[in-house]
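Trainee: Sharing a structure with you now.
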Amino acid sequence: MNGICRRGVLQGAAALAALGYHGDGRAGSAQHGAIPRQPGYQAEKPMTSYIGTPASRVDGRAKVTGAAKYAGEFNTSDLVYGSVVTSSIAKGRIARIDAGEALRIDGVIDVLTHENRPHMASTDAAYRDDVAPEGSPFRPLYDERILFSGQPIALVLAEEWEIARFAASLVRVEYEKETAFTDVHGRHDEAVALHPNGDLFGPPKPRGAAEHAFAAAEIRHEGEYYVPIEHHNPMETYAATVIFGKDGRLTVYDKTQGVQNVQRYLRSVFDMGPEDIRVMSPFAGGAFGSGLRPQYHVALAVLAARALRRSVRLVLTRQQMYGLGYRPAMIQRIKLGAKAGGTLDAIIHDATTVTSQYENFYRQETGWSGLLYKCPNAKYAHKLVRRDLATPCDMRCPSAATGVYALECAMDELAVALKLDPLDLRLRCYSDRDQNADLPYSSKALRECYRQGAEAFGWDKRSAEPRSMRDGAELVGCGMATGVWDAMQMPIAVRIALSANGHADVSCATADIGTGTYTIMTQVAADRLGLPLDSVTVKLGDSTLPQSPVEGGSWMAASVSNGIATTADAVRKELLRLAKRMPNSPLADAAPDEVRLADGKLVSRRDASRAVSIIDAMRSGAVDRIEQEHFTSFADDGSYAHNTHSAVFAEVRVDEQLGVIRVTRVVSAVAAGRILNPKTAASQIMGSVVWGIGMALHEETLLDHNFGRIMNPNIAEYHVPVNADVQDIKVIFVDEPDHIINPLGIKGVGEIGIVGVAAAIANAIYHATGKRVRDLPIAVDKLLR
Amino acid sequence: MINFQYARAADVADAVRQMAADPSAKFIAGGTNLIDLMKEDVERPSRLIDITRLPLKAVEQTPAGGVRIGALVPNSDLAYHPLIEQRYPLLASAILAGASAQLRNMASAGGNLLQRTRCYYFYDIATPCNKREPGSGCSAINGLNRIHAILGASEACIATHPSDMCVALAALDAEVHVAGPGEARTIAFADFHRLPGDTPQFDTNLQQGEIVTAVELPPQGFAAHYTYLKIRDRLSYAFALVSVAAALEFDGAAIKEARLALGGVAHKPWRNMAVEATLRGQTADQAAFARAADELLRDAKGYEHNSFKIDLARRGIVRALTQAAQGRPQSQAVKRIM
Ligand SMILES: Cc1cc2nc3c(=O)[nH]c(=O)nc-3n(C[C@H](O)[C@H](O)[C@H](O)COP(=O)(O)OP(=O)(O)OC[C@H]3O[C@@H](n4cnc5c(N)ncnc54)[C@H](O)[C@@H]3O)c2cc1C
Ligand code: SF4
């Protein structure tokens with residue numbers, strides 16, 4: 001789930017190139033083959049027995065028994081423990097740093113600071129990872145400059161974790177402080193305007209004459225919507241264990257969404273060869289986009305291991321997690337002009353988002369507005385404000401979670417102005433084409449999402465007027481919103497090694513950040529190889545495995561599944577070659593496409609009685625192992641738009657006197673191509689809905705602008721929904737065959753579930769109370785104001 | 001977190017003796033507040049005196065007809081103790097409105113009384129805070145003060161006491177038993193916590209070296225007409241923005257006795273006996289409740305972000321008194337406001 005957001009039609013290799021992703025030597029020997037763009041993939045008859053079934057997580061047992069190890073849990077003898085000291089000011093320089101007292105503590109080995117650290121690269125390019133935004137990436141412990149509060153400024157290394165932490169409290173720092181500015185509001189004259197279509201994430205080009213059309217529109221709505229800074233708060237805090245090998249080579253257990261991205265980054269920062277460092281991340285306890293870029297902890301852990309020539313573990317505290325990236329605060333202005341009949345004339349979407357002083361992080365918040373609905377005139381603007389904060393980063397459905405929140409609240413307000421049912425307005429504006437790119441979709445079953453979602457929710461029982469539904473002391477409200485996200489796919493390599501005993505090892509350097517990647521990979525491989533689930537072992541999260549992009553953007557399910565299919569097909573061909581050479585082979589004249597793998601056998605599609613078992617084929621060919629590695633890329637001629645969609649319906653109950661809000665029901669109907677595993681997919685959507693509830697009602701990183709400091713850096717005071725806040729959530733996957741996007745018809749589901757949820761809840765609160773709160777989170781003080 | 005010594009106390013006298021020997025030591029009970037603060041270097045005790053084995057774990061009836069609660073009774077055990085559930089459901093309800101099940105299992109009665117404010121600045125040693133470091137200034141007054149006090153605050157500190165349990169104990173007129181280097185003594189609940197004044201570093205009137213041994217409830221438990229109503233930023237597991245403990249006793253249709261305590265609004269659970277007295281003899285109607293609310297909040301003062309609490313408290317008081325009068329106490333399991 002989570003990750004890089006892009007808008008529009010840019011696909012596959014082009015997107016990767018734009019993201020700075022480049023191939024690495026590892027897969028060089030493998031065969032490369034792009035899946036050719038065809039007018040339509042033949043819908044494969046479901047010979048499958050696992051794809052589409054609710055298989056339980058293959059790693060479930062390991063996780064609940066503790067057998068699954070996370071980055072901070074790998075052990076080795078003679079481990080050194082690190083503890084980070086962070087800056088207490090937001091801007092200025094370190095005038096003096098005194099580790100004397102810390103160094104006098106028994107068990108302290110060293111204290112690294114900018115003054116005594118070993119050599120690190122000195123160019124920005126060396127620190128620029130695969131998904132870095134434009135700018136000058138942060139360099140931990142590099143020099144005396146303070147760029148944000150919570151910046152790491154010293155690393156204490158000790159024989160025990162407790163000693164390291166104690167000694168960290170003894171490091172004395174004097175600063176030369178400068179005035180910091182951290183508020184997204186104010187000083188907008190200094191903002192940087194992004195050029196329309198100037199780059200991948202800049203606002204799209206305008207169409208028509210939006211300002212004019214807005215001014216002339218029969219019905220107009222204009223509103224400003226605010227989303228505060230939010231943090232990812234994965235359960236597992238960032239951690240790395242660096243094992244210092246006898247040969248000086250490093251094995252780095254890291255928490256990340258991209259082991260190869262981290263490996264390349266570390267190599268370039270520390271000028272190491274490809275074989276000198278291996279990065280592993282078999283499990284991650286949630287990441288949500290925060291692990292797309294290498295985090296400072298891993299650089300510091302490697303720095304320390306190289307300095308001490310010992311193995312090092314560094315685990316960040318919960319408080320230190322708030323010194324990493326975040327969803328940027330944003331102010332969005334939306335203008336909608338419509339005809340009285342409920343069709344759109346004009347959409348104008350302006351966004352102002354926050355970034356750091358050293359990197360320009362932004363995503364395309366505004367473009368979703370003009371893409372989604374039929375509207376001849378659209379115009380976008382996006383301004384960046386630089387603040388004395390860490391650089392923001394991708395957070396689950398970056399840009400759509402926020403941009404579509406604003407759009408879908410504005411659409412609700414327009415429906416009120418038009419005296420139309422909000423769902424009816426969406427249907428009147430429905431578009432079968434991507435309105436920005438003017439392209440048809442490879443598939444779009446949003447209409448069906450609206451229908452099935454509304455039916456399951458009982459939308460027809462909603463009375464139109466706000467404050468018209470109540471139950472005792474509670475006002476009842478129903479709201480809805482549309483969701484949209486990209487269906488991306490990325491070039492990827494997959495290796496399959498099939499043994500003569502009928503067991504397959506499937507490997508790829510992707511990540512499973514808790515989403516179920518291990519499980520769907522197992523399912524797809526089992527299907528494609530005709531093996532039972534437990535005859536497939538998936539390996540991932542290891543930089544030495546075949547090449548993979550970072551796990552993000554909801555692109556991994558589609559990419560890796562089709563990657564497995566490509567390689568499995570090659571395995572099948574190889575098996576057929578062997579089978580044909582058998583004496584009196586029943587498959588002697590079968591063409592590769594005429595056979596499939598099922599139940600451990602190669603079987604003719606025409607005549608199921610003609611079959612050869614995998615074991616026999618391999619035995620007769622005297623091979624005990626078939627290994628294939630193939631690179632799959634997704635050719636795209638740009639003639640279709642690929643997106644996932646959803647319709648979200650929410651019911652809230654609001655105590656009229658006290659403003660206590662309860663989200664009692666949410667129905668999310670999702671169109672996301674073929675669903676590989678309805679169980680893991682539904683948990684992705686459900687988790688996203690929970691997060692949407694948090695976005696609507698709870699989440700906010702509180703900054704004290706006097707100190708430029710985050711004041712609620714812990715999950716007691718940074719509120720996310722708890723069980724009591726989450727009631728009935730129903731997830732529906734509507735059927736959405738897609739014969740164009742890729743052979744398996746797969747899109748991703750990691751992010752689409754959050755889009756629209758906050759808007760549906762905000763709209764429901766308006767419907768319940770008649771009060772429109774346009775800044776998130778909708779807390780009691782805003783509602784009673 | 002700094003290095004510290006650790007020692008177990010054998011009995012109350014030993015605990016007191018150990019504390020007298022090392023004034024920068026701290027008692028540790030459940031540790032759910034103290035350890036958090038130690039990790040953030042807010043509390044830097046030289047020694048932890050573990051009191052969890054002291055024989056202060058009983059909930060027992062007193063000869064006077066009340067109930068005595070040992071300082072080490074876990075919050076969960078207390079909330080589900082039959083004596084408390086039946087005779088003092090207001091206390092049970094307030095406890096269950098607080099924290100989470102896991103925390104309540106660890107937290108002790110004494111620790112709950114002595115838990116410290118949740119003011120963000122108090123927790124962050126990078127910022128000035130008079131409570132943490134007397135004389136350094138109050139960052140909240142001109143900072144993030146949405147969760148801060150509207151009553152009884154001072155120029156020096158506008159923090160609130162975060163406990164739910166204590167709001168019920170205040171309403172119930174509990175007493176706190178303490179032992180120390182001097183005579184064992186009993187402190188009326190209203191005098192246990194204090195207002196910040198110009199010494200906000202002191203949350204309570206406990207003297208250096210004293211240990212809480214028990215909390216005692218008087219016989220009257222208001223089991224028929226009570227409620228604990230807590231309004232917070234999510235439906236569970238958040239500290240109160242405003243909470244109201246209300247307890248009524250009727251004589252026919254007329255109110256014979258009223259208790260009203262507020263949480264989340266001041267440096268201590270907020271009560272005003274004079275306001276409670278005005279309810280005596282009145283019938284339970286909205287107008288009377290609204291007048292009482294206005295009276296209780298008469299001197300309330302908001303800061304940049306927390307003025308909403310004044311209106312919220314007013315609404316909460318009226319609603320809580322209504323719930324109590326109707327004998328429909330707020331459920332802590334069902335989050336719908338009754
Ligand atoms: C995430 C979170 C959420 C919470 N939410 C709520 C909430 O909603 N409502 C609520 O009311 N509370 C809440 N709490 C606070 C919780 O109730 C307290 O942490 C708990 O009651 C403290 O009890 P303890 O035994 O763990 O105290 P400890 O942490 O052991 O001690 C706290 C303090 O009391 C002192 N102390 C302990 N026992 C004695 C004694 N017998 N005599 C003298 N001094 C003593 C200690 O020295 C220390 O200074 C929350 C806590 C957390 C961490
Ligand atoms: S309100 Fe009190 S606790 Fe908070 S910063 Fe001010 S002095 Fe410190």
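Letters A, B, ... go to the chains of the structure tokens in the order shown; residues in each chain start at 1; ligands are counted from 1 in the same order.
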Residues near segment 584-589 of chain A, anyone? I mean within 10 Å using only C-alpha atoms, not counting same-chain ones fewer than 6 positions away, as number ranges by chain.
Mentor: A: 576-578, 595, 602-604, 609-612, 617
Trainee: Using only N, CA, C and O atoms, please write the residues we just selected to a file, as a PDB file, in the first residue's frame.
Mentor:
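And here is the file that came out, out.pdb:
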```pdb
ATOM      1  N   LEU A 576       7.679 -28.201 -20.653  1.00  0.00           N
ATOM      2  CA  LEU A 576       7.110 -28.798 -21.856  1.00  0.00           C
ATOM      3  C   LEU A 576       8.222 -29.323 -22.763  1.00  0.00           C
ATOM      4  O   LEU A 576       8.110 -30.392 -23.363  1.00  0.00           O
ATOM      5  N   ARG A 577       9.293 -28.520 -22.832  1.00  0.00           N
ATOM      6  CA  ARG A 577      10.423 -28.955 -23.653  1.00  0.00           C
ATOM      7  C   ARG A 577      10.917 -30.319 -23.160  1.00  0.00           C
ATOM      8  O   ARG A 577      11.163 -31.230 -23.936  1.00  0.00           O
ATOM      9  N   LEU A 578      11.015 -30.431 -21.839  1.00  0.00           N
ATOM     10  CA  LEU A 578      11.453 -31.708 -21.274  1.00  0.00           C
ATOM     11  C   LEU A 578      10.416 -32.802 -21.521  1.00  0.00           C
ATOM     12  O   LEU A 578      10.757 -33.939 -21.871  1.00  0.00           O
ATOM     13  N   VAL A 595      -0.773 -25.998 -23.265  1.00  0.00           N
ATOM     14  CA  VAL A 595      -0.687 -26.727 -22.006  1.00  0.00           C
ATOM     15  C   VAL A 595      -0.722 -25.751 -20.829  1.00  0.00           C
ATOM     16  O   VAL A 595      -0.345 -24.590 -20.953  1.00  0.00           O
ATOM     17  N   LEU A 602       1.682 -31.094 -16.161  1.00  0.00           N
ATOM     18  CA  LEU A 602       1.462 -30.346 -17.406  1.00  0.00           C
ATOM     19  C   LEU A 602       0.280 -31.017 -18.075  1.00  0.00           C
ATOM     20  O   LEU A 602       0.308 -32.218 -18.332  1.00  0.00           O
ATOM     21  N   VAL A 603      -0.743 -30.237 -18.387  1.00  0.00           N
ATOM     22  CA  VAL A 603      -1.975 -30.836 -18.907  1.00  0.00           C
ATOM     23  C   VAL A 603      -2.353 -30.133 -20.204  1.00  0.00           C
ATOM     24  O   VAL A 603      -2.278 -28.907 -20.304  1.00  0.00           O
ATOM     25  N   SER A 604      -2.749 -30.915 -21.157  1.00  0.00           N
ATOM     26  CA  SER A 604      -3.222 -30.321 -22.400  1.00  0.00           C
ATOM     27  C   SER A 604      -4.550 -29.620 -22.145  1.00  0.00           C
ATOM     28  O   SER A 604      -5.423 -30.134 -21.446  1.00  0.00           O
ATOM     29  N   SER A 609      -6.782 -35.636 -20.552  1.00  0.00           N
ATOM     30  CA  SER A 609      -6.181 -36.945 -20.298  1.00  0.00           C
ATOM     31  C   SER A 609      -4.733 -36.982 -20.773  1.00  0.00           C
ATOM     32  O   SER A 609      -3.985 -37.894 -20.450  1.00  0.00           O
ATOM     33  N   ARG A 610      -4.355 -35.982 -21.554  1.00  0.00           N
ATOM     34  CA  ARG A 610      -2.959 -35.939 -21.995  1.00  0.00           C
ATOM     35  C   ARG A 610      -2.178 -35.056 -21.027  1.00  0.00           C
ATOM     36  O   ARG A 610      -2.284 -33.831 -21.065  1.00  0.00           O
ATOM     37  N   ALA A 611      -1.421 -35.717 -20.178  1.00  0.00           N
ATOM     38  CA  ALA A 611      -0.726 -34.977 -19.126  1.00  0.00           C
ATOM     39  C   ALA A 611       0.582 -35.654 -18.757  1.00  0.00           C
ATOM     40  O   ALA A 611       0.744 -36.852 -18.949  1.00  0.00           O
ATOM     41  N   VAL A 612       1.508 -34.840 -18.282  1.00  0.00           N
ATOM     42  CA  VAL A 612       2.777 -35.368 -17.786  1.00  0.00           C
ATOM     43  C   VAL A 612       3.046 -34.706 -16.441  1.00  0.00           C
ATOM     44  O   VAL A 612       2.896 -33.481 -16.313  1.00  0.00           O
ATOM     45  N   ALA A 617       8.588 -35.224 -15.908  1.00  0.00           N
ATOM     46  CA  ALA A 617       9.246 -34.443 -16.963  1.00  0.00           C
ATOM     47  C   ALA A 617      10.677 -34.111 -16.551  1.00  0.00           C
ATOM     48  O   ALA A 617      11.624 -34.250 -17.328  1.00  0.00           O
TER      49      ALA A 617
END
```
Trainee: For Tyr296 of chain A, list every protein, DNA or RNA residue within 9 Å, evaluated using only C-alpha atoms, and leave out those in the same chain fewer than 4 positions away; present the list as a ChimeraX atom specification.
Mentor: /A:138-140,152,300-301,324
Trainee: May I have the selected residues written with N, CA, C and O atoms, as a compact mmCIF listing (two decimals), in the first residue's frame?
Mentor:
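In the end it all went to again.txt:
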```
# COMPACT_ATOMS: atom_id res chain seq x y z
N PHE A 138 18.48 15.59 2.99
CA PHE A 138 19.00 15.69 4.34
C PHE A 138 20.18 14.73 4.54
O PHE A 138 20.14 13.59 4.10
N ARG A 139 21.23 15.22 5.20
CA ARG A 139 22.40 14.39 5.49
C ARG A 139 22.57 14.33 7.00
O ARG A 139 22.96 15.32 7.62
N PRO A 140 22.32 13.17 7.61
CA PRO A 140 22.40 13.11 9.07
C PRO A 140 23.82 13.27 9.58
O PRO A 140 24.76 12.71 9.02
N PRO A 152 18.41 14.67 13.89
CA PRO A 152 19.45 13.96 14.63
C PRO A 152 20.74 14.79 14.63
O PRO A 152 21.15 15.29 13.59
N LEU A 300 22.72 6.24 9.85
CA LEU A 300 23.49 6.36 11.09
C LEU A 300 23.99 5.00 11.57
O LEU A 300 25.12 4.88 12.05
N ALA A 301 23.15 3.98 11.44
CA ALA A 301 23.56 2.65 11.90
C ALA A 301 24.75 2.16 11.08
O ALA A 301 25.70 1.57 11.62
N LEU A 324 10.62 12.33 11.18
CA LEU A 324 10.69 11.81 9.81
C LEU A 324 9.64 12.53 8.96
O LEU A 324 9.14 13.58 9.33
```
Trainee: Using only C-alpha atoms, select each residue of chain A with any atom at most 6 Å away from an atom of chain B, and give the selection as an mmCIF file with C-alpha atoms, in the first residue's frame.
Mentor:
```
data_model
loop_
_atom_site.group_PDB
_atom_site.id
_atom_site.type_symbol
_atom_site.label_atom_id
_atom_site.label_comp_id
_atom_site.auth_asym_id
_atom_site.auth_seq_id
_atom_site.Cartn_x
_atom_site.Cartn_y
_atom_site.Cartn_z
ATOM 1 C CA SER A 88 15.538 21.015 20.248
ATOM 2 C CA PHE A 166 21.047 7.450 29.435
ATOM 3 C CA MET A 711 4.134 18.948 20.652
ATOM 4 C CA ALA A 724 -14.808 2.499 19.996
ATOM 5 C CA ASP A 725 -14.515 4.876 17.050
ATOM 6 C CA ASP A 781 -14.781 22.669 19.295
#
```
Trainee: Show me, as a list of chain:residue names, the residues that have an atom within 7 Å of Cys138 of chain B when counting only C-alpha atoms, minus same-chain residues fewer than 6 positions from it.
Mentor: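 What passes the distance filter is B:Pro128, B:Cys129, B:Asn130, B:Ala156, B:Cys157.
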Trainee: Save out the residues we just selected, C-alpha atoms, as a PDB file, in the first residue's frame.
Mentor:
```pdb
ATOM      1  CA  PRO B 128      10.053  26.124  29.219  1.00  0.00           C
ATOM      2  CA  CYS B 129       7.552  24.975  31.834  1.00  0.00           C
ATOM      3  CA  ASN B 130       7.083  26.323  35.339  1.00  0.00           C
ATOM      4  CA  ALA B 156       2.352  30.657  36.160  1.00  0.00           C
ATOM      5  CA  CYS B 157       0.472  27.580  34.987  1.00  0.00           C
TER       6      CYS B 157
END
```
Trainee: What's the 10 Å shell around Thr283 of chain B, counting only C-alpha atoms, without same-chain residues fewer than 5 positions away, as a PyMOL selection string?
Mentor: chain B and resi 250-256+288-289+325
Trainee: For the selection you just gave me, I'd like the residues written to a file as a short mmCIF file (atom, residue, chain, number, x, y, z; two decimals), in the first residue's frame, keeping C-alpha atoms.
Mentor:
```cif
data_model
loop_
_atom_site.label_atom_id
_atom_site.label_comp_id
_atom_site.auth_asym_id
_atom_site.auth_seq_id
_atom_site.Cartn_x
_atom_site.Cartn_y
_atom_site.Cartn_z
CA PHE B 250 -33.98 13.26 46.09
CA ASP B 251 -36.58 13.86 48.68
CA GLY B 252 -39.71 13.21 46.65
CA ALA B 253 -39.38 15.43 43.60
CA ALA B 254 -37.05 17.85 45.31
CA ILE B 255 -33.29 17.62 45.26
CA LYS B 256 -32.05 16.87 48.75
CA ALA B 288 -32.24 24.85 37.53
CA PHE B 289 -29.43 22.81 36.00
CA ALA B 325 -31.87 12.92 37.79
#
```
Trainee: Determine, counting only C-alpha atoms, which protein, DNA and RNA residues have an atom within 12 Å of an atom of Gly182 of chain B; residues of the same chain fewer than 5 positions away are not included. Present the result as a PyMOL selection string.
Mentor: chain B and resi 13+16-17+20+207-211
Trainee: Using DSSP on the backbone coordinates, identify the residues of segment 493-674 of chain A assigned to strand (DSSP E or B); present them as a count of residues only.
Mentor: 63
Trainee: Contacts of Gly152 of chain B at 8 Å or less, counting only C-alpha atoms, minus same-chain residues fewer than 5 places along, as an NGL selection string?
Mentor: :B and (195-196 or 266-267 or 300)
Trainee: Limited to N, CA and C atoms, could you put the picked residues into a file as an mmCIF file, in the first residue's frame?
Mentor:
```cif
data_model
loop_
_atom_site.group_PDB
_atom_site.id
_atom_site.type_symbol
_atom_site.label_atom_id
_atom_site.label_comp_id
_atom_site.auth_asym_id
_atom_site.auth_seq_id
_atom_site.Cartn_x
_atom_site.Cartn_y
_atom_site.Cartn_z
ATOM 1 N N LEU B 195 -4.444 24.306 43.593
ATOM 2 C CA LEU B 195 -4.368 25.171 42.410
ATOM 3 C C LEU B 195 -2.923 25.610 42.210
ATOM 4 N N PRO B 196 -2.569 25.987 40.999
ATOM 5 C CA PRO B 196 -1.142 26.203 40.716
ATOM 6 C C PRO B 196 -0.547 27.417 41.425
ATOM 7 N N ALA B 266 -9.410 22.215 35.290
ATOM 8 C CA ALA B 266 -8.617 22.933 36.294
ATOM 9 C C ALA B 266 -7.466 22.060 36.792
ATOM 10 N N HIS B 267 -6.654 22.652 37.601
ATOM 11 C CA HIS B 267 -5.473 22.001 38.180
ATOM 12 C C HIS B 267 -5.881 20.932 39.194
ATOM 13 N N ALA B 300 -15.037 31.270 34.859
ATOM 14 C CA ALA B 300 -14.237 30.552 33.858
ATOM 15 C C ALA B 300 -13.609 31.540 32.885
#
```
Trainee: Counting only C-alpha atoms and all ligand atoms, figure out which residue out of B:Asp22, B:Glu155, B:Asp285, B:Glu175 gets nearest to ligand 2.
Mentor: B:Glu155
Trainee: Do you know which residues are at most 8 Å from Val59 of chain B counting only C-alpha atoms, after dropping those on the same chain fewer than 6 positions away, and could you put them as number ranges by chain?
Mentor: B: 67-70, 73, 78, 81
Trainee: Select the residues contacting ligand 1 at a distance of at most 7 Å, based on only C-alpha atoms and all ligand atoms, then format the selection as a ChimeraX atom specification.
Mentor: /A:716 /B:26-35,71-72,95,97-100,103-104,106-115,162-165,210-213,237-240
Trainee: Give the alpha helix (DSSP H) residues of segment 121-259 of chain B, as DSSP finds them on the backbone, and put them as a list in words.
Mentor: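 These are the residues in question: Met165, Cys166, Val167, Ala168, Leu169, Ala170, Ala171, Phe189, Ala190, Asp191 and Phe192 of chain B.
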Trainee: Considering only C-alpha atoms, can you say which of A:Val722, A:Ala126, A:Ala481, A:Leu427 comes closest to Ala650 of chain A?
Mentor: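 The answer is A:Ala481, which sits nearest to Ala650 of chain A.
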